[in-house]
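Student: Below are the structure tokens for one structure; questions will follow.
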Amino acid sequence: MKTRLFIDAAKKYFFIAGTTLLISIISGCSRNSITGRSQLSLVPESEVQALAITQYQSFLSSNKVVPATTKDAEMVQRVGHRIAEAIQKYYTEHGQPNALKNYHWEFNLVDSKEINAWCMPGGKVVVYTGILPVTQNETALAIVLGHEITHAVAGHGRERMSQQLLAQGIEVAGNVALATNTRAVNLFNQVYAPTAQVGVLLPNSRKQEYEADHYGLIFAAMAGYDPREAIPFWKRMEALGGAKPPVFLSDHPADADRIQKLEALMPGALTYYHPVSGK
């Protein structure tokens, strides 16, 4: 009799738990206005951006920022703002002129041998000097920034964070700031950690990488940069692989067929490409 009651109670528990999980998934899904893909989104963009600002300022204060007047820093600023303007134009042309209204773009070059670059929610971007010998030119840098910024504007980090919150059973109430939830903050750091020393960056999914490549090419092309530069750049990045690949590759795993996919995307990206005179 007790066994029967236990089984009935267990069934009821798992039914309720499963139903709650399903409701959480359904209610937490939203359709991306640009990619059209349904994404799990359990955390408000505003809260993620608030955490990003704090982390970004902390990172800049503890690292050597290259003066904005130097040639390389000026290039990062120039490329970054051109990509940002292209993204705004793309969103406007697709009926979403206010989608990035809370983005306040910042582009900084940091003196570091690490081969890396990243963009946090809200448009907080850092390029490491270590990646410049690999990009080799301004156009390749545009490919990098187009890719990284796409991850941010497409909500990929927020999606990964939401997946982990759900998997770990962490509840984040809509009226509670993420900064007050220690476990949520830890997950944020795993997704957006700006330093390689953390070593626990959650990887992007194949879908997210494909989207970052796809729209990154479009945004770079719209900014006046030849998207075909992506092929030699990624070949240079892959050549740096080995037992200890660059952070940029570990956080953005390069699939064996990446070059092939980029080549397939190229005709579409080239329709957006109009060289800027005097660049």
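Here's how to read the names in the structure tokens: chain A, B, ... by the order shown, residue numbers from 1 in each chain, ligand numbers from 1 in the order shown.
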Just the residues within 8 Å of Lys64 (chain A), please, counting only C-alpha atoms, with nothing from its chain fewer than 3 positions along; format it as a list in words.
Tutor: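 Once the adjacent positions are removed, what remains is Leu60, Ser61, Val110, Asp111 and Ser112 of chain A.
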Student: Kindly indicate which residue among A:Gln55, A:Gln168, A:Gln49, A:Asn108 lies nearest to Gln77 (chain A), using only C-alpha atoms for the distances.
Tutor: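 Of the candidates, the smallest distance to Gln77 (chain A) is held by A:Asn108.
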Student: What's around region 86-101 of chain A at 6 Å? Count only C-alpha atoms, leave out sequence neighbours fewer than 2 positions away in its own chain, and write the answer as a PyMOL selection string.
Tutor: chain A and resi 83-84+103+219+222-223
Student: To test your reading of the structure, identify every residue in region 90-128 of chain A that backbone DSSP assigns to alpha helix (DSSP H), and report it as a list of chain:residue names.
Tutor: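 Those residues are A:Tyr90, A:Tyr91, A:Thr92, A:Glu93.
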Student: Write the selection just made, keeping N, CA, C and O atoms, as an mmCIF file, in the first residue's frame?
Tutor:
data_model
loop_
_atom_site.group_PDB
_atom_site.id
_atom_site.type_symbol
_atom_site.label_atom_id
_atom_site.label_comp_id
_atom_site.auth_asym_id
_atom_site.auth_seq_id
_atom_site.Cartn_x
_atom_site.Cartn_y
_atom_site.Cartn_z
ATOM 1 N N TYR A 90 20.396 47.983 -41.289
ATOM 2 C CA TYR A 90 19.770 46.697 -41.596
ATOM 3 C C TYR A 90 18.481 46.521 -40.802
ATOM 4 O O TYR A 90 17.441 46.128 -41.361
ATOM 5 N N TYR A 91 18.545 46.805 -39.507
ATOM 6 C CA TYR A 91 17.362 46.670 -38.659
ATOM 7 C C TYR A 91 16.259 47.628 -39.107
ATOM 8 O O TYR A 91 15.083 47.271 -39.129
ATOM 9 N N THR A 92 16.627 48.837 -39.457
ATOM 10 C CA THR A 92 15.640 49.829 -39.897
ATOM 11 C C THR A 92 14.965 49.380 -41.185
ATOM 12 O O THR A 92 13.732 49.474 -41.321
ATOM 13 N N GLU A 93 15.764 48.874 -42.116
ATOM 14 C CA GLU A 93 15.213 48.406 -43.390
ATOM 15 C C GLU A 93 14.303 47.206 -43.217
ATOM 16 O O GLU A 93 13.466 46.933 -44.083
#
Student: For Thr139 (chain A), which of A:Leu109, A:Ala264, A:Met75, A:Val43 is the closest residue, counting only C-alpha atoms?
Tutor: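 The answer is A:Met75, which sits nearest to Thr139 (chain A).
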Student: Compile the contact shell of Gln57 (chain A) as a list of chain:residue names: residues with an atom at most 12 Å away, counting only C-alpha atoms, same-chain residues fewer than 4 positions apart removed.
Tutor: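 Result of the neighbour search: A:Ala50, A:Leu51, A:Ala52, A:Ile53, A:Ser61, A:Ser62, A:Asn63, A:Val65, A:Glu106, A:Asn108, A:Met120, A:Lys124, A:Val125, A:Val126, A:Pro194.
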Student: Filtering to C-alpha atoms, could you give me those residues as a CSV table (one decimal), in the first residue's frame?
Tutor:
chain,number,residue,atom,x,y,z
A,50,ALA,CA,23.2,46.2,-16.7
A,51,LEU,CA,25.6,43.4,-15.7
A,52,ALA,CA,27.5,43.9,-18.9
A,53,ILE,CA,28.2,47.5,-18.2
A,61,SER,CA,40.0,49.4,-15.3
A,62,SER,CA,42.2,46.3,-14.8
A,63,ASN,CA,43.7,46.1,-18.3
A,65,VAL,CA,43.6,50.2,-22.9
A,106,GLU,CA,31.9,51.5,-27.1
A,108,ASN,CA,38.3,49.7,-27.2
A,120,MET,CA,28.9,42.3,-24.7
A,124,LYS,CA,30.5,47.0,-25.3
A,125,VAL,CA,33.3,45.8,-27.6
A,126,VAL,CA,36.9,44.9,-27.0
A,194,PRO,CA,35.8,38.9,-20.7
Student: Would you please give, as a ChimeraX atom specification, all residues of region 67-244 of chain A that DSSP assigns to strand (DSSP E) based on the backbone?
Tutor: /A:106-110,117-120,124-128
Student: Mind dumping the selected residues with N, CA, C and O atoms as a JSON list (two decimals), in the first residue's frame?
Tutor:
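Output file part.json follows:
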[["chain", "number", "residue", "atom", "x", "y", "z"],
["A", 106, "GLU", "N", 30.60, 51.12, -27.55],
["A", 106, "GLU", "CA", 31.94, 51.48, -27.11],
["A", 106, "GLU", "C", 32.91, 50.49, -27.73],
["A", 106, "GLU", "O", 32.67, 49.28, -27.70],
["A", 107, "PHE", "N", 34.00, 51.00, -28.29],
["A", 107, "PHE", "CA", 35.00, 50.15, -28.93],
["A", 107, "PHE", "C", 36.37, 50.48, -28.37],
["A", 107, "PHE", "O", 36.83, 51.63, -28.47],
["A", 108, "ASN", "N", 37.00, 49.49, -27.76],
["A", 108, "ASN", "CA", 38.31, 49.70, -27.16],
["A", 108, "ASN", "C", 39.29, 48.64, -27.61],
["A", 108, "ASN", "O", 38.93, 47.46, -27.78],
["A", 109, "LEU", "N", 40.53, 49.07, -27.79],
["A", 109, "LEU", "CA", 41.63, 48.16, -28.10],
["A", 109, "LEU", "C", 42.44, 47.97, -26.83],
["A", 109, "LEU", "O", 42.84, 48.95, -26.19],
["A", 110, "VAL", "N", 42.67, 46.72, -26.45],
["A", 110, "VAL", "CA", 43.39, 46.40, -25.22],
["A", 110, "VAL", "C", 44.72, 45.74, -25.56],
["A", 110, "VAL", "O", 44.79, 44.85, -26.42],
["A", 117, "ALA", "N", 38.68, 38.78, -29.31],
["A", 117, "ALA", "CA", 37.82, 39.95, -29.46],
["A", 117, "ALA", "C", 36.43, 39.53, -29.01],
["A", 117, "ALA", "O", 36.06, 38.36, -29.14],
["A", 118, "TRP", "N", 35.66, 40.46, -28.45],
["A", 118, "TRP", "CA", 34.32, 40.10, -28.00],
["A", 118, "TRP", "C", 33.42, 41.32, -27.91],
["A", 118, "TRP", "O", 33.88, 42.46, -27.91],
["A", 119, "CYS", "N", 32.13, 41.05, -27.87],
["A", 119, "CYS", "CA", 31.12, 42.11, -27.73],
["A", 119, "CYS", "C", 30.12, 41.69, -26.68],
["A", 119, "CYS", "O", 29.56, 40.59, -26.75],
["A", 120, "MET", "N", 29.89, 42.54, -25.70],
["A", 120, "MET", "CA", 28.90, 42.29, -24.67],
["A", 120, "MET", "C", 27.57, 42.93, -25.05],
["A", 120, "MET", "O", 27.52, 43.80, -25.93],
["A", 124, "LYS", "N", 29.16, 46.77, -25.97],
["A", 124, "LYS", "CA", 30.46, 46.98, -25.34],
["A", 124, "LYS", "C", 31.48, 46.03, -25.97],
["A", 124, "LYS", "O", 31.43, 44.82, -25.76],
["A", 125, "VAL", "N", 32.41, 46.61, -26.75],
["A", 125, "VAL", "CA", 33.30, 45.81, -27.58],
["A", 125, "VAL", "C", 34.76, 46.01, -27.19],
["A", 125, "VAL", "O", 35.18, 47.13, -26.90],
["A", 126, "VAL", "N", 35.50, 44.90, -27.19],
["A", 126, "VAL", "CA", 36.94, 44.95, -26.96],
["A", 126, "VAL", "C", 37.65, 44.11, -28.01],
["A", 126, "VAL", "O", 37.20, 43.01, -28.35],
["A", 127, "VAL", "N", 38.73, 44.67, -28.54],
["A", 127, "VAL", "CA", 39.61, 43.94, -29.44],
["A", 127, "VAL", "C", 40.98, 43.85, -28.76],
["A", 127, "VAL", "O", 41.46, 44.85, -28.21],
["A", 128, "TYR", "N", 41.59, 42.68, -28.77],
["A", 128, "TYR", "CA", 42.92, 42.51, -28.21],
["A", 128, "TYR", "C", 43.97, 42.76, -29.31],
["A", 128, "TYR", "O", 43.78, 42.35, -30.46]]
Student: Pick the closest to Arg37 (chain A) from A:Leu249, A:Pro133, A:Glu159, A:Leu165: which is it, counting only C-alpha atoms?
Tutor: A:Glu159
Student: Using only C-alpha atoms for the distances, tell me which of A:Pro267, A:Gly241, A:Pro246, A:Pro275 is nearest to Gly224 (chain A).
Tutor: A:Pro275
Student: Just give me the gap between CA of Thr135 (chain A) and CA of Val76 (chain A) in Å, one decimal is fine.
Tutor: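 So the answer is 11.7 Å.
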Student: Using only C-alpha atoms, pick whichever of A:Pro44, A:Arg78, A:Ile115, A:Lys71 has the shortest atom-to-atom distance to Phe248 (chain A).
Tutor: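 So, comparing all the options, the nearest one is A:Ile115.
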Student: Applying 9 Å and only C-alpha atoms, which residues near Tyr210 (chain A) remain after dropping the ones on its own chain fewer than 5 positions away? List them as a VMD selection string.
Tutor: chain A and resid 205 215 258 261 to 262
Student: From the list A:Gly155, A:Thr129, A:Glu238, A:Leu166, which residue is nearest Asn32 (chain A) when using only C-alpha atoms?
Tutor: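 Among A:Gly155, A:Thr129, A:Glu238, A:Leu166, it is A:Gly155 that comes nearest to Asn32 (chain A).
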